[in-house]
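J.: Let me begin by handing over the structure; questions about it come next.
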Amino acid sequence: MTKFPRFMFLQTQKVLKDFHQALLCLKQIFIPEDHGVTHSEDLTSQPRYLVTFTVGIAQKANIDAAVKKFSDNFTIMLFHYDGRTTEWDEFEWSRRAIHVSAGKQTKWWFAKRFLHPDVVSSYEYIFIWDEDLGVEHFNAEAYIELVRKHGLEISQPGLESDKEPAWRMTKRQSDQEVHKETEERPGWCTDPHLPPCAAFVEIMATVFSKNAWRCVWYMIQNDLVHGWGMDLALRRCVETAHEKIGVVDAQWVVHQAIPSLGNQGEAVNGRAPWKGVNARCNLEWQLFRTRLADAEKAYYLEKGITPPNSTR
């Protein structure tokens, strides 16, 4: 089996670079001694993990239930795509959370701009989740324990849904703690160690180790905001990916499949808003695949290696 390299997609936008440099400076804020606040009072806890949700106000109750599944070991960060932030103040935890607002944006747009690996380097694991997940059977601390036990660098909880999942790999297997491979539909897998039969999770409820996130962040493209196709490429950020990417079945969630982001689109010529969003997603997938293939080919040629036939 061909061993694929890790990829670092070069970012050329100076504005983005300068912004991240400004964020890094936040770590160096100094409180004068006469400010009346001691260092011990400044930070009462040092969370080890980060969880982000990309949210709209319509899912406020759902997010409240989800946040309560995460202990004080987690920093809570909300990315608001509808511009409505003050309504969340009714929740006590919201006053401790980090709120970032940008109208009609997606979680990967937010992640690229606000989760630079250096900025989030103090967190051992980073959860980047959608807003439409039922968490009745999920506990974040227990999830982390299983991730460590099974050596997962990139993972997701098992999924339950009323509908057949798009990928069988993500479906919860009730007789296991974790699974790392599955049998897909005939003809879908050219290699049992490659996606979507192994080395694969979806991007709706992904969990990254900080080392894996450092690579994945560079893979996210500034202008491809929906992230379609990234799930098939995540394996390039982990050596022996079929062993270190998997689904945690013992801690599972329910995918409610609420098309909230799709409803943020615009109706054009009688076309429903979600159809425009879906068309953009498919276009981005094609562009991402092309860029990934080109980057991989260039890497091999630079190393004097004949590129493989497939770069999926």
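Labeling convention for the structure tokens: chains A, B, ... as they appear, residues from 1 per chain, ligands from 1 in order of appearance.
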Per DSSP on the backbone, what are the alpha helix (DSSP H) residues of segment 145-215 of chain A, as a PyMOL selection string?
T.: chain A and resi 145-149+210-215
J.: Tell me which protein, DNA and RNA residues are within 12 Å of Gln59 of chain A, counting only C-alpha atoms, leaving out same-chain ones fewer than 6 positions away, and put them as a PyMOL selection string.
T.: chain A and resi 53+65-66+80-82+84+87-88+130-134+256+258-261
J.: Please save C-alpha atoms of the selected residues as a compact mmCIF listing (two decimals), in the first residue's frame.
T.:
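Written file, out.txt:
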# COMPACT_ATOMS: atom_id res chain seq x y z
CA PHE A 53 -20.22 24.49 18.19
CA ALA A 65 -28.12 20.20 26.54
CA ALA A 66 -24.89 19.45 24.66
CA HIS A 80 -22.59 32.22 15.67
CA TYR A 81 -23.68 32.20 12.03
CA ASP A 82 -26.84 34.27 12.62
CA ARG A 84 -27.46 36.64 17.60
CA GLU A 87 -29.85 35.77 23.71
CA TRP A 88 -27.48 33.11 25.00
CA ASP A 130 -22.34 20.75 14.48
CA GLU A 131 -25.38 22.01 16.37
CA ASP A 132 -27.86 19.22 15.54
CA LEU A 133 -26.52 16.39 17.69
CA GLY A 134 -28.50 14.60 20.39
CA GLN A 256 -30.98 15.08 14.09
CA ILE A 258 -31.67 19.77 10.98
CA PRO A 259 -30.87 21.80 7.82
CA SER A 260 -30.25 25.03 9.72
CA LEU A 261 -27.27 26.21 7.69
J.: Which residues, written as a list in words, have at least one atom at most 10 Å from Glu184 of chain A, with only C-alpha atoms counted and residues fewer than 2 positions away on the same chain left out?
T.: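 In the requested form, the answer reads Trp167, Arg168, Met169, Glu181, Thr182, Pro186, Gly187, Trp188, Cys189, Pro192, Pro195, Pro196, Cys197 and Ala198 of chain A.
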J.: Restricting it to all heavy atoms, dump the selection as a compact mmCIF listing (two decimals), in the first residue's frame.
T.:
# COMPACT_ATOMS: atom_id res chain seq x y z
N TRP A 167 -22.43 7.30 5.23
CA TRP A 167 -21.26 6.42 5.28
C TRP A 167 -21.46 5.40 6.39
O TRP A 167 -21.70 5.76 7.54
CB TRP A 167 -19.98 7.23 5.56
CG TRP A 167 -19.77 8.39 4.66
CD1 TRP A 167 -20.04 9.70 4.94
CD2 TRP A 167 -19.23 8.37 3.33
NE1 TRP A 167 -19.70 10.50 3.88
CE2 TRP A 167 -19.20 9.71 2.87
CE3 TRP A 167 -18.78 7.36 2.48
CZ2 TRP A 167 -18.73 10.06 1.61
CZ3 TRP A 167 -18.31 7.71 1.23
CH2 TRP A 167 -18.28 9.03 0.81
N ARG A 168 -21.32 4.13 6.08
CA ARG A 168 -21.53 3.09 7.08
C ARG A 168 -20.48 3.13 8.19
O ARG A 168 -20.72 2.67 9.30
CB ARG A 168 -21.52 1.72 6.40
CG ARG A 168 -22.76 1.49 5.54
CD ARG A 168 -22.73 0.13 4.87
NE ARG A 168 -23.92 -0.08 4.04
CZ ARG A 168 -24.10 -1.12 3.24
NH1 ARG A 168 -23.15 -2.06 3.16
NH2 ARG A 168 -25.19 -1.22 2.52
N MET A 169 -19.33 3.66 7.87
CA MET A 169 -18.26 3.75 8.87
C MET A 169 -18.70 4.51 10.11
O MET A 169 -18.29 4.21 11.23
CB MET A 169 -17.04 4.43 8.24
CG MET A 169 -15.85 4.60 9.19
SD MET A 169 -15.12 3.03 9.65
CE MET A 169 -13.84 3.62 10.78
N GLU A 181 -12.82 0.16 11.23
CA GLU A 181 -13.05 -0.26 9.85
C GLU A 181 -14.47 -0.79 9.71
O GLU A 181 -15.13 -1.10 10.71
CB GLU A 181 -12.05 -1.33 9.43
CG GLU A 181 -12.10 -2.58 10.29
CD GLU A 181 -11.03 -3.59 9.92
OE1 GLU A 181 -9.96 -3.18 9.43
OE2 GLU A 181 -11.26 -4.81 10.14
N THR A 182 -14.93 -0.88 8.49
CA THR A 182 -16.27 -1.39 8.24
C THR A 182 -16.33 -1.95 6.83
O THR A 182 -15.37 -1.82 6.05
CB THR A 182 -17.32 -0.27 8.41
OG1 THR A 182 -18.63 -0.84 8.43
CG2 THR A 182 -17.24 0.73 7.27
N PRO A 186 -20.84 -2.42 -2.14
CA PRO A 186 -19.94 -3.03 -3.14
C PRO A 186 -19.32 -1.98 -4.06
O PRO A 186 -20.00 -1.12 -4.60
CB PRO A 186 -20.87 -3.98 -3.92
CG PRO A 186 -21.95 -4.32 -2.94
CD PRO A 186 -22.17 -3.08 -2.13
N GLY A 187 -18.00 -2.07 -4.19
CA GLY A 187 -17.28 -1.19 -5.10
C GLY A 187 -16.87 0.14 -4.52
O GLY A 187 -16.19 0.93 -5.19
N TRP A 188 -17.23 0.40 -3.26
CA TRP A 188 -16.91 1.69 -2.68
C TRP A 188 -15.47 1.78 -2.17
O TRP A 188 -14.94 2.87 -2.04
CB TRP A 188 -17.87 2.02 -1.53
CG TRP A 188 -19.18 2.55 -2.00
CD1 TRP A 188 -19.85 2.21 -3.14
CD2 TRP A 188 -20.00 3.52 -1.34
NE1 TRP A 188 -21.03 2.90 -3.24
CE2 TRP A 188 -21.15 3.71 -2.14
CE3 TRP A 188 -19.90 4.23 -0.15
CZ2 TRP A 188 -22.17 4.59 -1.79
CZ3 TRP A 188 -20.91 5.10 0.21
CH2 TRP A 188 -22.04 5.28 -0.61
N CYS A 189 -14.86 0.66 -1.85
CA CYS A 189 -13.53 0.66 -1.25
C CYS A 189 -12.54 -0.11 -2.12
O CYS A 189 -12.70 -1.31 -2.33
CB CYS A 189 -13.57 0.06 0.15
SG CYS A 189 -14.55 1.02 1.32
N PRO A 192 -9.09 -2.02 1.84
CA PRO A 192 -9.77 -2.06 3.15
C PRO A 192 -9.18 -1.12 4.19
O PRO A 192 -9.81 -0.88 5.23
CB PRO A 192 -9.61 -3.53 3.58
CG PRO A 192 -8.42 -4.02 2.83
CD PRO A 192 -8.45 -3.31 1.52
N PRO A 195 -10.33 5.10 3.07
CA PRO A 195 -11.72 5.56 3.11
C PRO A 195 -12.52 5.07 1.91
O PRO A 195 -11.95 4.89 0.82
CB PRO A 195 -11.58 7.09 3.06
CG PRO A 195 -10.19 7.38 3.54
CD PRO A 195 -9.38 6.22 3.05
N PRO A 196 -13.82 4.85 2.11
CA PRO A 196 -14.55 5.08 3.37
C PRO A 196 -14.66 3.85 4.26
O PRO A 196 -15.48 3.83 5.17
CB PRO A 196 -15.93 5.49 2.87
CG PRO A 196 -16.12 4.69 1.61
CD PRO A 196 -14.76 4.62 0.97
N CYS A 197 -13.84 2.81 4.00
CA CYS A 197 -13.91 1.60 4.82
C CYS A 197 -13.02 1.66 6.06
O CYS A 197 -13.20 0.88 6.99
CB CYS A 197 -13.52 0.38 3.98
SG CYS A 197 -14.83 -0.14 2.84
N ALA A 198 -12.06 2.55 6.08
CA ALA A 198 -11.16 2.72 7.23
C ALA A 198 -10.49 4.08 7.10
O ALA A 198 -10.61 4.75 6.07
CB ALA A 198 -10.12 1.61 7.27
J.: Using only C-alpha atoms, can you tell me which of A:Arg289, A:His179, A:His242, A:Arg96 comes closest to Val67 of chain A?
T.: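 Selected residue with least distance to Val67 of chain A: A:Arg96.
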J.: Which residue, A:Val55, A:Arg113, A:Trp108, A:Arg214, has the smallest gap to Thr85 of chain A when you use only C-alpha atoms?
T.: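 Under the stated criterion, the closest residue is A:Val55.
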J.: Kindly indicate which residue among A:Gln156, A:Ser122, A:Thr290, A:Ser71 lies nearest to Ala199 of chain A, using only C-alpha atoms for the distances.
T.: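 When distances to Ala199 of chain A are compared using only C-alpha atoms, the smallest one comes from A:Gln156.
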